[in-house]
>>> print(open('protein_2.csv').read())   # CSV, C-alpha atoms and all ligand atoms
chain,number,residue,atom,x,y,z
A,2,MET,CA,0.0,0.0,0.0
A,3,ASN,CA,1.2,3.5,-0.9
A,4,LYS,CA,1.5,5.1,2.6
A,5,SER,CA,1.8,8.6,1.1
A,6,TYR,CA,-1.8,8.5,0.0
A,7,PRO,CA,-4.1,10.1,2.6
A,8,GLU,CA,-5.7,7.7,5.0
A,9,ARG,CA,-8.7,9.9,5.0
A,10,ALA,CA,-9.3,8.9,1.3
A,11,GLY,CA,-11.9,6.6,2.7
A,12,ARG,CA,-13.2,3.4,1.3
A,13,VAL,CA,-13.7,2.7,-2.3
A,14,VAL,CA,-15.9,0.1,-4.1
A,15,ALA,CA,-14.9,-0.9,-7.7
A,16,LEU,CA,-16.8,-3.0,-10.2
A,17,CYS,CA,-14.5,-5.1,-12.2
A,18,GLY,CA,-14.4,-7.8,-15.0
A,19,GLY,CA,-11.3,-9.6,-16.1
A,20,VAL,CA,-8.1,-8.4,-17.6
A,21,GLY,CA,-8.9,-4.7,-18.5
A,22,GLY,CA,-10.6,-4.1,-15.2
A,23,ALA,CA,-8.0,-6.0,-13.1
A,24,LYS,CA,-5.3,-3.7,-14.4
A,25,LEU,CA,-7.0,-0.6,-12.8
A,26,ALA,CA,-7.9,-2.8,-9.7
A,27,PHE,CA,-4.2,-3.4,-9.3
A,28,GLY,CA,-3.5,0.3,-9.2
A,29,LEU,CA,-6.4,1.0,-6.8
A,30,ALA,CA,-5.3,-1.8,-4.5
A,31,HIS,CA,-1.8,-0.4,-4.4
A,32,ILE,CA,-3.1,2.9,-3.2
A,33,LEU,CA,-6.0,1.8,-1.0
A,34,GLY,CA,-5.0,-1.5,0.4
A,35,ASN,CA,-7.9,-2.9,2.4
A,36,ASP,CA,-9.9,0.3,1.9
A,37,LEU,CA,-10.7,-1.2,-1.5
A,38,THR,CA,-13.6,-3.6,-2.1
A,39,LEU,CA,-13.8,-5.2,-5.5
A,40,LEU,CA,-17.1,-6.5,-6.9
A,41,VAL,CA,-16.3,-9.0,-9.6
A,42,ASN,CA,-18.4,-10.3,-12.5
A,43,THR,CA,-19.4,-14.0,-12.2
A,44,GLY,CA,-21.7,-14.1,-15.2
A,45,ASP,CA,-18.8,-15.8,-17.1
A,46,ASP,CA,-18.6,-18.6,-14.4
A,47,PHE,CA,-19.3,-22.1,-15.7
A,48,GLU,CA,-18.9,-25.8,-15.1
A,49,HIS,CA,-16.2,-27.4,-17.1
A,50,LEU,CA,-14.7,-30.9,-16.7
A,51,GLY,CA,-16.7,-31.2,-13.5
A,52,LEU,CA,-15.0,-28.0,-12.1
A,53,THR,CA,-16.5,-24.6,-11.2
A,54,VAL,CA,-14.5,-22.0,-13.1
A,55,SER,CA,-14.7,-18.3,-12.1
A,56,PRO,CA,-12.5,-16.7,-14.8
A,57,ASP,CA,-12.8,-13.0,-13.7
A,58,ILE,CA,-12.3,-13.7,-10.0
A,59,ASP,CA,-9.2,-15.7,-10.9
A,60,THR,CA,-7.9,-13.0,-13.2
A,61,VAL,CA,-8.3,-10.4,-10.3
A,62,LEU,CA,-6.7,-12.7,-7.8
A,63,TYR,CA,-3.7,-13.5,-10.0
A,64,THR,CA,-3.3,-9.8,-11.1
A,65,LEU,CA,-3.5,-8.4,-7.5
A,66,SER,CA,-1.0,-11.0,-6.2
A,67,GLY,CA,1.4,-10.5,-9.1
A,68,LEU,CA,0.9,-14.1,-10.3
A,69,ALA,CA,-0.8,-13.2,-13.6
A,70,ASN,CA,0.6,-14.4,-16.9
A,71,ARG,CA,1.3,-11.2,-18.7
A,72,GLU,CA,2.4,-12.8,-22.0
A,73,LEU,CA,-0.8,-14.8,-22.4
A,74,GLY,CA,-3.0,-12.1,-20.9
A,75,TRP,CA,-4.8,-14.7,-18.8
A,76,GLY,CA,-4.0,-17.5,-16.4
A,77,ARG,CA,-0.9,-17.9,-14.2
A,78,GLN,CA,2.7,-17.1,-14.9
A,79,GLY,CA,5.2,-20.0,-15.1
A,80,GLU,CA,2.4,-22.2,-16.4
A,81,SER,CA,2.8,-25.7,-17.9
A,82,TRP,CA,0.2,-27.7,-19.8
A,83,ASN,CA,0.8,-31.3,-19.0
A,84,PHE,CA,-2.8,-31.8,-17.9
A,85,MET,CA,-4.2,-30.4,-21.1
A,86,GLU,CA,-1.9,-32.5,-23.2
A,87,ALA,CA,-2.8,-35.7,-21.3
A,88,LEU,CA,-6.5,-34.8,-21.6
A,89,SER,CA,-6.2,-34.3,-25.3
A,90,THR,CA,-4.7,-37.8,-25.8
A,91,LEU,CA,-7.8,-39.1,-24.0
A,92,GLY,CA,-10.0,-37.3,-26.5
A,93,GLY,CA,-11.2,-34.9,-23.7
A,94,GLU,CA,-12.5,-31.4,-24.3
A,95,THR,CA,-9.6,-29.0,-24.8
A,96,TRP,CA,-11.3,-25.8,-26.2
A,97,PHE,CA,-11.0,-24.2,-22.7
A,98,ARG,CA,-7.4,-24.3,-21.6
A,99,LEU,CA,-6.6,-25.0,-17.9
A,100,GLY,CA,-2.9,-24.8,-17.0
A,101,ASP,CA,-1.4,-27.2,-14.5
A,102,ARG,CA,-1.0,-24.5,-11.8
A,103,ASP,CA,-4.3,-22.8,-12.6
A,104,LEU,CA,-6.1,-26.1,-12.2
A,105,ALA,CA,-5.4,-26.0,-8.4
A,106,ILE,CA,-7.7,-23.0,-7.9
A,107,HIS,CA,-10.6,-24.7,-9.8
A,108,VAL,CA,-10.2,-28.0,-8.0
A,109,GLU,CA,-10.1,-26.3,-4.5
A,110,ARG,CA,-13.0,-24.0,-5.3
A,111,THR,CA,-15.1,-26.8,-6.5
A,112,ARG,CA,-14.3,-29.0,-3.5
A,113,ARG,CA,-15.2,-26.2,-1.1
A,114,LEU,CA,-18.4,-25.3,-3.0
A,115,ARG,CA,-19.5,-29.0,-2.8
A,116,ALA,CA,-18.8,-28.9,0.9
A,117,GLY,CA,-21.3,-26.1,1.3
A,118,GLU,CA,-19.2,-23.0,1.5
A,119,THR,CA,-20.2,-19.9,-0.4
A,120,LEU,CA,-18.2,-18.4,-3.3
A,121,SER,CA,-17.6,-15.3,-1.3
A,122,THR,CA,-16.2,-17.2,1.6
A,123,ILE,CA,-14.0,-19.2,-0.7
A,124,THR,CA,-12.8,-16.1,-2.5
A,125,SER,CA,-12.0,-14.3,0.7
A,126,SER,CA,-9.9,-17.2,1.8
A,127,MET,CA,-8.1,-17.2,-1.5
A,128,VAL,CA,-7.5,-13.5,-1.1
A,129,ASP,CA,-5.8,-14.3,2.3
A,130,HIS,CA,-3.8,-17.2,0.8
A,131,PHE,CA,-2.5,-14.9,-2.0
A,132,GLY,CA,-1.5,-12.2,0.4
A,133,ILE,CA,-3.9,-9.6,-1.1
A,134,GLU,CA,-4.9,-6.7,1.0
A,135,ALA,CA,-7.9,-5.6,-0.9
A,136,ARG,CA,-11.3,-7.2,-0.3
A,137,VAL,CA,-12.6,-9.2,-3.3
A,138,PHE,CA,-16.2,-10.5,-3.7
A,139,PRO,CA,-18.2,-12.1,-6.4
A,140,MET,CA,-21.3,-10.1,-7.4
A,141,SER,CA,-23.4,-12.9,-6.0
A,142,ASP,CA,-23.1,-16.3,-4.4
A,143,GLN,CA,-26.0,-17.5,-6.6
A,144,LYS,CA,-25.6,-18.6,-10.1
A,145,VAL,CA,-25.9,-15.9,-12.8
A,146,SER,CA,-25.2,-16.9,-16.4
A,147,THR,CA,-24.4,-14.5,-19.2
A,148,VAL,CA,-26.1,-15.8,-22.4
A,149,VAL,CA,-25.3,-14.2,-25.8
A,150,ALA,CA,-28.1,-14.1,-28.4
A,151,THR,CA,-26.7,-14.7,-31.9
A,152,PRO,CA,-28.2,-15.6,-35.3
A,153,GLU,CA,-27.2,-19.2,-34.5
A,154,GLY,CA,-29.3,-19.1,-31.3
A,155,PRO,CA,-28.3,-18.4,-27.7
A,156,LEU,CA,-24.7,-19.2,-26.7
A,157,PRO,CA,-23.5,-19.7,-23.1
A,158,PHE,CA,-20.8,-17.0,-22.5
A,159,GLN,CA,-17.7,-19.3,-22.7
A,160,ARG,CA,-19.0,-21.0,-25.9
A,161,TYR,CA,-19.3,-17.5,-27.5
A,162,PHE,CA,-16.1,-16.0,-26.0
A,163,VAL,CA,-13.6,-18.8,-26.0
A,164,GLU,CA,-14.8,-21.6,-28.3
A,165,ARG,CA,-16.3,-19.3,-31.0
A,166,ARG,CA,-13.8,-16.5,-30.3
A,167,CYS,CA,-16.5,-13.9,-30.3
A,168,ALA,CA,-17.2,-14.5,-34.1
A,169,PRO,CA,-21.0,-14.8,-34.0
A,170,ARG,CA,-22.9,-11.5,-34.3
A,171,VAL,CA,-24.3,-10.3,-31.0
A,172,ALA,CA,-28.0,-9.6,-31.1
A,173,GLY,CA,-28.5,-9.2,-27.4
A,174,ILE,CA,-27.1,-10.3,-24.0
A,175,THR,CA,-29.0,-11.6,-21.0
A,176,PHE,CA,-28.0,-12.5,-17.5
A,177,GLN,CA,-30.0,-15.5,-16.4
A,178,GLY,CA,-30.7,-15.6,-12.7
A,179,ALA,CA,-29.6,-12.0,-12.1
A,180,VAL,CA,-33.0,-10.7,-11.1
A,181,GLU,CA,-33.3,-13.3,-8.4
A,182,ALA,CA,-29.7,-13.1,-7.3
A,183,ASP,CA,-28.7,-11.5,-4.0
A,184,ALA,CA,-25.4,-9.6,-3.6
A,185,PRO,CA,-23.3,-11.1,-0.8
A,186,PRO,CA,-23.9,-9.4,2.6
A,187,GLN,CA,-20.3,-8.0,2.6
A,188,VAL,CA,-21.0,-6.3,-0.7
A,189,ILE,CA,-24.2,-4.6,0.6
A,190,SER,CA,-22.2,-3.5,3.7
A,191,ALA,CA,-19.5,-2.1,1.6
A,192,LEU,CA,-22.0,0.0,-0.4
A,193,ASN,CA,-23.8,1.1,2.8
A,194,ASP,CA,-20.5,1.9,4.6
A,195,PRO,CA,-20.5,5.5,5.9
A,196,ALA,CA,-16.8,5.6,5.1
A,197,LEU,CA,-17.5,4.9,1.4
A,198,ARG,CA,-16.1,7.8,-0.7
A,199,THR,CA,-16.2,6.7,-4.3
A,200,ILE,CA,-17.5,3.9,-6.5
A,201,ILE,CA,-15.4,3.2,-9.6
A,202,ILE,CA,-16.4,1.2,-12.7
A,203,CYS,CA,-13.1,-0.2,-14.1
A,204,PRO,CA,-12.4,-0.2,-17.8
A,205,SER,CA,-14.0,-3.6,-18.4
A,206,ASN,CA,-16.3,-4.6,-21.2
A,207,PRO,CA,-19.6,-2.7,-20.3
A,208,TYR,CA,-21.8,-5.3,-21.9
A,209,LEU,CA,-20.2,-8.6,-20.8
A,210,SER,CA,-18.4,-7.6,-17.5
A,211,ILE,CA,-20.1,-4.6,-15.9
A,212,ASP,CA,-23.8,-5.0,-17.0
A,213,PRO,CA,-24.0,-8.4,-15.2
A,214,ILE,CA,-22.8,-6.9,-12.0
A,215,LEU,CA,-25.3,-4.0,-12.3
A,216,ALA,CA,-28.1,-6.6,-13.1
A,217,VAL,CA,-27.9,-7.8,-9.5
A,218,PRO,CA,-30.7,-5.7,-8.0
A,219,GLY,CA,-29.1,-5.2,-4.6
A,220,ILE,CA,-25.9,-3.9,-6.2
A,221,ARG,CA,-27.6,-1.5,-8.6
A,222,SER,CA,-29.9,-0.1,-5.8
A,223,GLY,CA,-26.9,0.1,-3.4
A,224,ILE,CA,-25.0,2.2,-6.0
A,225,GLU,CA,-28.0,4.4,-6.7
A,226,ARG,CA,-28.5,5.0,-2.9
A,227,ALA,CA,-24.8,5.7,-2.1
A,228,ASP,CA,-24.2,9.4,-1.9
A,229,VAL,CA,-20.8,9.3,-3.4
A,230,PRO,CA,-19.4,10.0,-6.9
A,231,VAL,CA,-19.6,7.1,-9.3
A,232,ILE,CA,-16.8,7.2,-11.9
A,233,ALA,CA,-16.3,5.0,-14.9
A,234,VAL,CA,-13.1,4.6,-16.9
A,235,SER,CA,-13.9,4.1,-20.5
A,236,PRO,CA,-12.6,0.9,-22.1
A,237,ILE,CA,-12.6,2.6,-25.5
A,238,ILE,CA,-9.4,4.3,-26.6
A,239,GLY,CA,-9.3,6.1,-30.0
A,240,GLY,CA,-12.6,4.6,-30.9
A,241,LYS,CA,-11.3,1.0,-30.4
A,242,ALA,CA,-11.2,-1.6,-27.7
A,243,VAL,CA,-7.7,-2.2,-26.3
A,244,LYS,CA,-8.5,-5.9,-26.6
A,245,GLY,CA,-11.5,-8.1,-26.8
A,246,PRO,CA,-14.9,-7.7,-28.4
A,247,THR,CA,-16.2,-4.4,-26.8
A,248,ALA,CA,-16.0,-2.3,-30.0
A,249,LYS,CA,-17.2,-5.3,-32.2
A,250,ILE,CA,-20.3,-5.8,-29.9
A,251,MET,CA,-21.0,-2.0,-29.9
A,252,ALA,CA,-21.0,-2.1,-33.7
A,253,GLU,CA,-23.2,-5.1,-33.8
A,254,LEU,CA,-25.7,-3.4,-31.5
A,255,ALA,CA,-25.5,-0.3,-33.7
A,256,VAL,CA,-23.8,1.8,-31.0
A,257,PRO,CA,-20.8,3.9,-32.1
A,258,ALA,CA,-17.6,3.2,-30.2
A,259,THR,CA,-17.3,6.6,-28.6
A,260,SER,CA,-17.0,8.1,-25.1
A,261,LYS,CA,-20.4,9.6,-25.5
A,262,ALA,CA,-21.9,6.1,-26.0
A,263,ILE,CA,-20.1,4.7,-23.0
A,264,ALA,CA,-21.4,7.6,-20.8
A,265,GLU,CA,-24.9,7.0,-22.2
A,266,HIS,CA,-24.6,3.3,-21.5
A,267,TYR,CA,-23.9,4.0,-17.9
A,268,GLY,CA,-26.5,6.8,-17.8
A,269,GLY,CA,-28.2,7.2,-14.5
A,270,VAL,CA,-25.4,5.4,-12.8
A,271,ILE,CA,-22.2,7.5,-13.3
A,272,ASP,CA,-21.3,11.0,-12.3
A,273,GLY,CA,-18.0,11.2,-14.2
A,274,LEU,CA,-16.2,9.5,-17.0
A,275,VAL,CA,-12.4,9.1,-17.5
A,276,ILE,CA,-11.4,9.0,-21.2
A,277,ASP,CA,-8.1,8.9,-23.1
A,278,HIS,CA,-6.4,11.8,-24.8
A,279,ALA,CA,-7.1,10.0,-28.1
A,280,ASP,CA,-10.8,10.6,-27.5
A,281,ALA,CA,-10.4,14.2,-26.2
A,282,ASP,CA,-12.5,15.6,-29.1
A,283,ASP,CA,-15.5,13.6,-27.7
A,284,ARG,CA,-15.3,15.6,-24.4
A,285,GLU,CA,-18.0,18.2,-25.3
A,286,THR,CA,-20.4,15.4,-26.4
A,287,VAL,CA,-20.4,13.5,-23.1
A,288,ASN,CA,-23.2,14.4,-20.8
A,289,CYS,CA,-21.3,14.3,-17.5
A,290,PRO,CA,-18.0,15.6,-16.1
A,291,VAL,CA,-15.0,14.2,-18.0
A,292,HIS,CA,-11.3,13.7,-17.0
A,293,VAL,CA,-9.0,13.3,-20.0
A,294,THR,CA,-5.7,11.4,-19.5
A,295,THR,CA,-3.6,8.6,-20.8
A,296,SER,CA,-5.7,5.6,-20.0
A,297,LEU,CA,-3.7,2.8,-21.6
A,298,MET,CA,-2.1,0.8,-18.8
A,299,THR,CA,1.0,-1.0,-20.0
A,300,SER,CA,3.1,-1.0,-16.8
A,301,ASP,CA,2.4,-1.2,-13.1
A,302,GLU,CA,3.3,2.6,-12.9
A,303,ASP,CA,0.5,3.3,-15.5
A,304,ARG,CA,-2.0,1.3,-13.4
A,305,ILE,CA,-1.1,3.2,-10.2
A,306,ARG,CA,-1.0,6.6,-11.9
A,307,LEU,CA,-4.4,6.1,-13.5
A,308,ALA,CA,-5.9,4.8,-10.3
A,309,GLY,CA,-4.6,8.0,-8.4
A,310,GLU,CA,-6.1,10.2,-11.1
A,311,VAL,CA,-9.4,8.5,-11.0
A,312,LEU,CA,-9.5,8.9,-7.2
A,313,ASP,CA,-8.5,12.6,-7.5
A,314,PHE,CA,-11.2,13.1,-10.1
A,315,ALA,CA,-13.8,11.4,-7.9
A,316,TYR,CA,-12.8,13.5,-4.8
A,317,ARG,CA,-13.1,16.7,-6.9
A,318,LEU,CA,-16.7,15.7,-7.8
A,319,ALA,CA,-17.6,14.7,-4.2
A,320,PRO,CA,-20.4,16.8,-2.6
A,321,ASN,CA,-18.0,17.6,0.3
A,322,ALA,CA,-14.9,18.1,-2.0
A,323,GLU,CA,-13.6,21.1,-0.1
A,324,ALA,CA,-13.4,19.0,3.1
A,325,ILE,CA,-11.2,16.4,1.4
A,326,THR,CA,-7.7,17.7,1.0
A,327,LEU,CA,-5.4,15.3,-0.8
A,328,ARG,CA,-1.9,15.2,0.5
A,329,ARG,CA,-0.6,12.7,-2.0
A,330,GLY,CA,3.1,13.1,-2.5
A,331,GLN,CA,3.7,14.9,0.8
A,401,LIG,P1,-11.5,-9.2,-20.3
A,401,LIG,O1,-12.5,-9.4,-21.3
A,401,LIG,O2,-11.2,-10.4,-19.5
A,401,LIG,O3,-10.2,-8.5,-20.7
A,401,LIG,O4,-12.1,-8.3,-19.2
A,401,LIG,P2,-12.6,-6.9,-19.1
A,401,LIG,O5,-14.1,-6.9,-19.4
A,401,LIG,O6,-12.2,-6.4,-17.7
A,401,LIG,O7,-11.8,-6.0,-20.1
A,401,LIG,C1,-12.0,-5.8,-21.4
A,401,LIG,C2,-12.0,-4.3,-21.8
A,401,LIG,O8,-10.9,-3.7,-21.1
A,401,LIG,C3,-11.8,-4.0,-23.2
A,401,LIG,O9,-12.9,-3.3,-23.7
A,401,LIG,C4,-10.6,-3.2,-23.4
A,401,LIG,O10,-10.7,-2.2,-24.3
A,401,LIG,C5,-10.4,-2.7,-22.0
A,401,LIG,N1,-9.0,-2.4,-21.6
A,401,LIG,C6,-8.0,-3.4,-21.6
A,401,LIG,N2,-6.8,-2.8,-21.2
A,401,LIG,C7,-7.1,-1.4,-21.0
A,401,LIG,C8,-6.3,-0.3,-20.7
A,401,LIG,O11,-5.1,-0.4,-20.4
A,401,LIG,N3,-7.0,0.9,-20.6
A,401,LIG,C9,-8.3,1.1,-20.9
A,401,LIG,N4,-8.9,2.3,-20.8
A,401,LIG,N5,-9.1,0.0,-21.2
A,401,LIG,C10,-8.5,-1.2,-21.3
>>> encode(input="protein_2.csv", output="structure tokens")
Amino acid sequence: MNKSYPERAGRVVALCGGVGGAKLAFGLAHILGNDLTLLVNTGDDFEHLGLTVSPDIDTVLYTLSGLANRELGWGRQGESWNFMEALSTLGGETWFRLGDRDLAIHVERTRRLRAGETLSTITSSMVDHFGIEARVFPMSDQKVSTVVATPEGPLPFQRYFVERRCAPRVAGITFQGAVEADAPPQVISALNDPALRTIIICPSNPYLSIDPILAVPGIRSGIERADVPVIAVSPIIGGKAVKGPTAKIMAELAVPATSKAIAEHYGGVIDGLVIDHADADDRETVNCPVHVTTSLMTSDEDRIRLAGEVLDFAYRLAPNAEAITLRRGQ
């Protein structure tokens, strides 16, 4: 934790998907330590080879603990693939790759779920084992499944994302089970915490990573009730996604890949949007306060700098902004 950051910065809740979101989460966690609570998408979770896989939670755990595989962009560093190779020789399913080290988290999670523990309890215990200071929770302990409507019919998320590599045209996206899902009690407490200062929407895919979190009624109403600035960081840079299908999905849904469209997508939820210099011309078109910066994170320093700027922007928008004096760097 960066001790030069003011302790009075208060608590922060951030909504996060996988790789893109986890990069900002890393920066926020560096600054805020256990004052940060991450609410992570579980709409991508699925059963595979008899195991419960939670891809976004794992990406967040690996990224925050420094164990993420930066070359691949997913999974663990120093990975080997003996299990996959052996499975292939047995004619098993290999379209979703599970590395030998990565396998451990899926086996352990599945064992504990079967023993009756909740996903939030198991995730908190993983956070401790990985030596992570921030608090990390799934958006719900109940099953919520993202389903992508395509001209070929509905596709479960991982079939669309991994097996079909996002090729089918997206006609719509639904989150099965979301309306009935409860947020874990710790998530509700974090959103109701009087020490909460800011809510941040990380630069994750709005359609596939953030919308499922906002589809959990207790989370959406908790965010709407919280009297703190809600800031989103746009995942679009220069009219394109840094990686993944965000811009492709926007085109397929007839939405231009602009900062204005991102702000409108989060309309009614956000109070401010962070955009990249490459999109600075969009600034006047966005219907909320905007902070323009370099938002591409290629190093740990980028992640920490952007996180600091997002927090500063949020504090400037806070109703009691004058009362909060930032002493960063002192
Ligand atoms: P992923 O699908 O597992 O990568 O998970 P996410 O939903 O968290 O992230 C995808 C989004 O992150 C994409 O729309 C990218 O454009 C965005 N993204 C990735 N890296 C960066 C970055 O460094 N800066 C910004 N602003 N967006 C990023």
>>> closest_atom_pairs(input="protein_2.csv", of="chain A", to="ligand LIG 401 (chain A)", cutoff="9 Å", atoms="all atoms listed in the file", output="CSV")
residue,atom,partner,partner_atom,distance
A:Cys17,CA,A:LIG401,O6,6.1
A:Gly18,CA,A:LIG401,O6,3.8
A:Gly19,CA,A:LIG401,O4,3.5
A:Val20,CA,A:LIG401,O3,3.7
A:Gly21,CA,A:LIG401,O8,3.4
A:Gly22,CA,A:LIG401,O6,3.8
A:Ala23,CA,A:LIG401,O6,6.2
A:Lys24,CA,A:LIG401,O11,6.9
A:Leu25,CA,A:LIG401,O11,7.8
A:Asn42,CA,A:LIG401,O5,8.8
A:Pro56,CA,A:LIG401,O2,8.0
A:Asp57,CA,A:LIG401,O2,6.6
A:Thr60,CA,A:LIG401,O2,7.6
A:Gly74,CA,A:LIG401,O3,8.1
A:Trp75,CA,A:LIG401,O2,7.7
A:Phe162,CA,A:LIG401,O1,8.9
A:Cys203,CA,A:LIG401,O6,7.2
A:Pro204,CA,A:LIG401,N5,4.7
A:Ser205,CA,A:LIG401,O6,3.4
A:Asn206,CA,A:LIG401,O5,3.7
A:Pro207,CA,A:LIG401,O5,7.0
A:Tyr208,CA,A:LIG401,O5,8.3
A:Leu209,CA,A:LIG401,O5,6.5
A:Ser210,CA,A:LIG401,O5,4.8
A:Ile211,CA,A:LIG401,O5,7.3
A:Val234,CA,A:LIG401,N4,6.2
A:Ser235,CA,A:LIG401,N4,5.3
A:Pro236,CA,A:LIG401,N5,3.7
A:Ile237,CA,A:LIG401,O10,5.3
A:Ile238,CA,A:LIG401,N4,6.2
A:Lys241,CA,A:LIG401,O10,6.9
A:Ala242,CA,A:LIG401,O10,3.5
A:Val243,CA,A:LIG401,O10,3.6
A:Lys244,CA,A:LIG401,C4,4.7
A:Gly245,CA,A:LIG401,C3,5.5
A:Pro246,CA,A:LIG401,O9,6.7
A:Thr247,CA,A:LIG401,O9,4.7
A:Ala248,CA,A:LIG401,O9,7.1
A:Val275,CA,A:LIG401,N4,8.3
A:Ile276,CA,A:LIG401,N4,7.2
A:Asp277,CA,A:LIG401,N4,7.0
A:Thr295,CA,A:LIG401,N4,8.2
A:Ser296,CA,A:LIG401,N4,4.7
A:Leu297,CA,A:LIG401,O11,3.7
A:Met298,CA,A:LIG401,O11,3.6
A:Thr299,CA,A:LIG401,O11,6.1
A:Ser300,CA,A:LIG401,O11,9.0
A:Asp303,CA,A:LIG401,O11,8.3
A:Arg304,CA,A:LIG401,O11,7.8
>>> closest_residue(input="protein_2.csv", among="A:Ala227, A:Val180, A:Leu33, A:Val171", to="Val270 (chain A)", atoms="all atoms listed in the file")
A:Ala227
>>> closest_residue(input="protein_2.csv", among="A:Glu253, A:Asp228, A:Glu94, A:Asp129", to="Asp272 (chain A)", atoms="only C-alpha atoms")
A:Asp228
>>> atom_distance(input="protein_2.csv", atom1="CA of Ala179 (chain A)", atom2="CA of Pro139 (chain A)")
12.7 Å
>>> atom_distance(input="protein_2.csv", atom1="CA of Ala172 (chain A)", atom2="CA of Ile250 (chain A)")
8.7 Å
>>> closest_residue(input="protein_2.csv", among="A:Gly44, A:Arg136, A:Asn70, A:Ala182", to="Val149 (chain A)", atoms="all atoms listed in the file")
A:Gly44
>>> residues_around(input="protein_2.csv", residues="Val287 (chain A)", least_positions_apart="2", cutoff="9 Å", atoms="all atoms listed in the file", output="list in words")
Ser260, Lys261, Ala262, Ile263, Ala264, Glu265, Leu274, Asp283, Arg284, Glu285, Cys289, Pro290 and Val291 of chain A
>>> write_last_selection(input="protein_2.csv", atoms="C-alpha atoms", output="mmCIF file, in the frame of the given file")
data_model
loop_
_atom_site.group_PDB
_atom_site.id
_atom_site.type_symbol
_atom_site.label_atom_id
_atom_site.label_comp_id
_atom_site.auth_asym_id
_atom_site.auth_seq_id
_atom_site.Cartn_x
_atom_site.Cartn_y
_atom_site.Cartn_z
ATOM 1 C CA SER A 260 -17.000 8.100 -25.100
ATOM 2 C CA LYS A 261 -20.400 9.600 -25.500
ATOM 3 C CA ALA A 262 -21.900 6.100 -26.000
ATOM 4 C CA ILE A 263 -20.100 4.700 -23.000
ATOM 5 C CA ALA A 264 -21.400 7.600 -20.800
ATOM 6 C CA GLU A 265 -24.900 7.000 -22.200
ATOM 7 C CA LEU A 274 -16.200 9.500 -17.000
ATOM 8 C CA ASP A 283 -15.500 13.600 -27.700
ATOM 9 C CA ARG A 284 -15.300 15.600 -24.400
ATOM 10 C CA GLU A 285 -18.000 18.200 -25.300
ATOM 11 C CA CYS A 289 -21.300 14.300 -17.500
ATOM 12 C CA PRO A 290 -18.000 15.600 -16.100
ATOM 13 C CA VAL A 291 -15.000 14.200 -18.000
#
>>> atom_distance(input="protein_2.csv", atom1="CA of Trp82 (chain A)", atom2="CA of Leu99 (chain A)")
7.6 Å
>>> closest_residue(input="protein_2.csv", among="A:Ile224, A:Ile106, A:Val54, A:Val188", to="Lys144 (chain A)", atoms="all atoms listed in the file")
A:Val54
>>> closest_residue(input="protein_2.csv", among="A:Val231, A:Cys167, A:Ala308, A:Ala252", to="Gly273 (chain A)", atoms="only C-alpha atoms")
A:Val231
>>> residues_around(input="protein_2.csv", residues="Glu134 (chain A)", least_positions_apart="2", cutoff="8 Å", atoms="only C-alpha atoms", output="PyMOL selection string")
chain A and resi 30+34-35+128-129+132+136
>>> residues_around(input="protein_2.csv", residues="Val145 (chain A)", least_positions_apart="5", cutoff="12 Å", atoms="all atoms listed in the file", output="JSON, numbers by chain")
{"A": [42, 43, 44, 45, 46, 47, 55, 139, 140, 157, 158, 175, 176, 177, 178, 179, 180, 181, 182, 183, 184, 212, 213, 214, 215, 216, 217]}
>>> closest_residue(input="protein_2.csv", among="A:Thr124, A:Leu88, A:Ser81, A:Arg112", to="Ile58 (chain A)", atoms="only C-alpha atoms")
A:Thr124
>>> residues_around(input="protein_2.csv", residues="Val13 (chain A)", least_positions_apart="5", cutoff="6 Å", atoms="only C-alpha atoms", output="PyMOL selection string")
chain A and resi 37+197-200
>>> residues_near_point(input="protein_2.csv", point="(-21.6, -0.5, -2.4)", cutoff="6 Å", atoms="all atoms listed in the file", output="PyMOL selection string")
chain A and resi 14+189+191-193+223-224
>>> write_last_selection(input="protein_2.csv", atoms="C-alpha atoms", output="compact mmCIF listing (two decimals), in the coordinates of the input")
# COMPACT_ATOMS: atom_id res chain seq x y z
CA VAL A 14 -15.90 0.10 -4.10
CA ILE A 189 -24.20 -4.60 0.60
CA ALA A 191 -19.50 -2.10 1.60
CA LEU A 192 -22.00 0.00 -0.40
CA ASN A 193 -23.80 1.10 2.80
CA GLY A 223 -26.90 0.10 -3.40
CA ILE A 224 -25.00 2.20 -6.00
